[in-house]
Structure formats: structure tokens, C-alpha cells
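K.L.:
Before I ask anything, let me first share the structure, which is written out below as C-alpha cells.
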Amino acid sequence: MKTSIKLFALGMILMGFGVNANAQATASAPTSATIIAPITLTKDVDMNFGNVAVINAGTVILGTDGARSATGGVTVSAAIGGTITAAKFTVGGEGSNTYSITLPSSALTITRALGGTMTVDGFLSNPSGTGILTAGTQELLVGATLHVAAAQTPGLYTNATGFSVTVNYN
């Protein structure tokens, strides 16, 4: 009986050592980081709605492809022409990464030197919302809508500061 008690006690002690031996474990994990090229945005071409003839209030819609259309009492045609360009930017960065595009959410006012204003809003881009840097670059085109009043004074309307476009890696 004493032998049984001693064996039982010895077994309990060994189990206690076994539990303590398995209560702690250590492992290590290597750590690394990769620095990628910063995202860049370069303006290549300014936005220009071209020449516009006004009979009554209306809008000129400039697409990202540089095509324009008119609503209301505004006329645009190849015959009245002028320089017509969607804004063009080049986005640069680490190849194959995607990025988000943020366009202006408020109207831009363009002004005539001798008085008068028009507003530009409804900015849209191609690509829209998200782009991908295939081979590290992508062309970003931006169009918008120009609002013209019925008695808009003839002349050149500009905004030297322009509008802001922001790109960020996703």
C-alpha cells in the first residue's frame, strides 16, 4: 500500500512537471517592410471649353474625351471652335497598384478680367473613381460642366488657380 501511495505521489509530481514544461513556448517571426515609389500627379493639359455662343442660359458639357455638348440656349460647334481640351494628368507610382481619384465637390468660378463670372462643376474623370498604375503610370482625363448665363458678357473667362484633383494609393 505504501508503494502504491509512493507511485501515486510520484506520478502526480511527474504530471506537474509535464504541465509546467508545456505551459510556455517561444517562437520567432522574421519582420520585413517594402518601400514603394510615392504616388505622383502631374498636370499635362489645362481644361478648355473652347468658344461658346450664347442666346439664352445653358450649359456646356465637356467630356473626358474632349467632346462637348450644349444644353439650353448655348451653342457649340466645330465652326465656332476654339481650343477644346479636357484636363489631362499623368499619375505615376508603383506598377500594378490601384489608386483612388478625388475630384472637386464644389463649383469653380471662372472670371472675366473686365467683370463677369461663370461656374464650372460636375467634374468627372476617366478612369472614374479608381485607376490602376499599369507599368507605373496612367493617364487621367477630367471633364466638367460650364454654366452660362443668358446675358453672359463676351470675353475670356479664366481661373488661374484652377481646380484640384487628388490621387492616393488604395
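Residue numbers start at 1 in each chain; chains themselves are named A, B, ... in the order of the C-alpha cells; ligands are numbered from 1 in the order shown.
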Would you kindly return, as a ChimeraX atom specification, each protein, DNA or RNA residue with an atom no farther than 9 Å from any atom of segment 117-121 of chain A, considering only C-alpha atoms and excluding same-chain residues fewer than 3 positions away?
P.N.:
/A:104-112,144-149,152-153,157-158
K.L.:
Take the residues just selected and output them with C-alpha atoms as a PDB file, in the first residue's frame.
P.N.:
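Writing done, so here's again06.pdb:
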ATOM      1  CA  PRO A 104     -13.701  68.804 -56.699  1.00  0.00           C
ATOM      2  CA  SER A 105     -17.057  68.601 -54.941  1.00  0.00           C
ATOM      3  CA  SER A 106     -17.801  72.325 -55.175  1.00  0.00           C
ATOM      4  CA  ALA A 107     -18.095  74.682 -58.111  1.00  0.00           C
ATOM      5  CA  LEU A 108     -15.129  76.546 -59.552  1.00  0.00           C
ATOM      6  CA  THR A 109     -15.724  80.185 -60.501  1.00  0.00           C
ATOM      7  CA  ILE A 110     -14.082  81.484 -63.659  1.00  0.00           C
ATOM      8  CA  THR A 111     -13.872  85.243 -64.122  1.00  0.00           C
ATOM      9  CA  ARG A 112     -13.655  87.736 -66.985  1.00  0.00           C
ATOM     10  CA  ALA A 144     -16.852  69.138 -66.321  1.00  0.00           C
ATOM     11  CA  THR A 145     -19.946  71.268 -66.923  1.00  0.00           C
ATOM     12  CA  LEU A 146     -19.806  75.023 -67.611  1.00  0.00           C
ATOM     13  CA  HIS A 147     -22.857  77.106 -66.582  1.00  0.00           C
ATOM     14  CA  VAL A 148     -23.541  80.082 -68.869  1.00  0.00           C
ATOM     15  CA  ALA A 149     -25.976  82.928 -68.086  1.00  0.00           C
ATOM     16  CA  GLN A 152     -23.135  86.402 -70.442  1.00  0.00           C
ATOM     17  CA  THR A 153     -20.691  89.151 -71.404  1.00  0.00           C
ATOM     18  CA  TYR A 157     -13.110  83.742 -68.537  1.00  0.00           C
ATOM     19  CA  THR A 158     -10.347  82.090 -66.525  1.00  0.00           C
TER      20      THR A 158
END
K.L.:
Contacts of Thr134 of chain A at 8 Å or less, counting only C-alpha atoms, minus same-chain residues fewer than 6 places along, as a list of chain:residue names?
P.N.:
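So, after excluding close chain neighbours, the residues are A:Gly95, A:Ser96, A:Asn97.
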K.L.:
Using only C-alpha atoms, find the one residue out of A:Ala135, A:Leu156, A:Ala86, A:Val74 that sits nearest to Val60 of chain A.
P.N.:
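Comparing A:Ala135, A:Leu156, A:Ala86, A:Val74 against Val60 of chain A, the winner is A:Val74.
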K.L.:
For segment 43-51 of chain A, list every protein, DNA or RNA residue within 7 Å, evaluated using only C-alpha atoms, and leave out those in the same chain fewer than 2 positions away; present the list as a ChimeraX atom specification.
P.N.:
/A:41,53,62,80-90
K.L.:
One number please: atom CA of Ser128 of chain A to atom CA of Asn168 of chain A, in Å, one decimal.
P.N.:
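Calculated distance between atom CA of Ser128 of chain A and atom CA of Asn168 of chain A is 13.6 Å.
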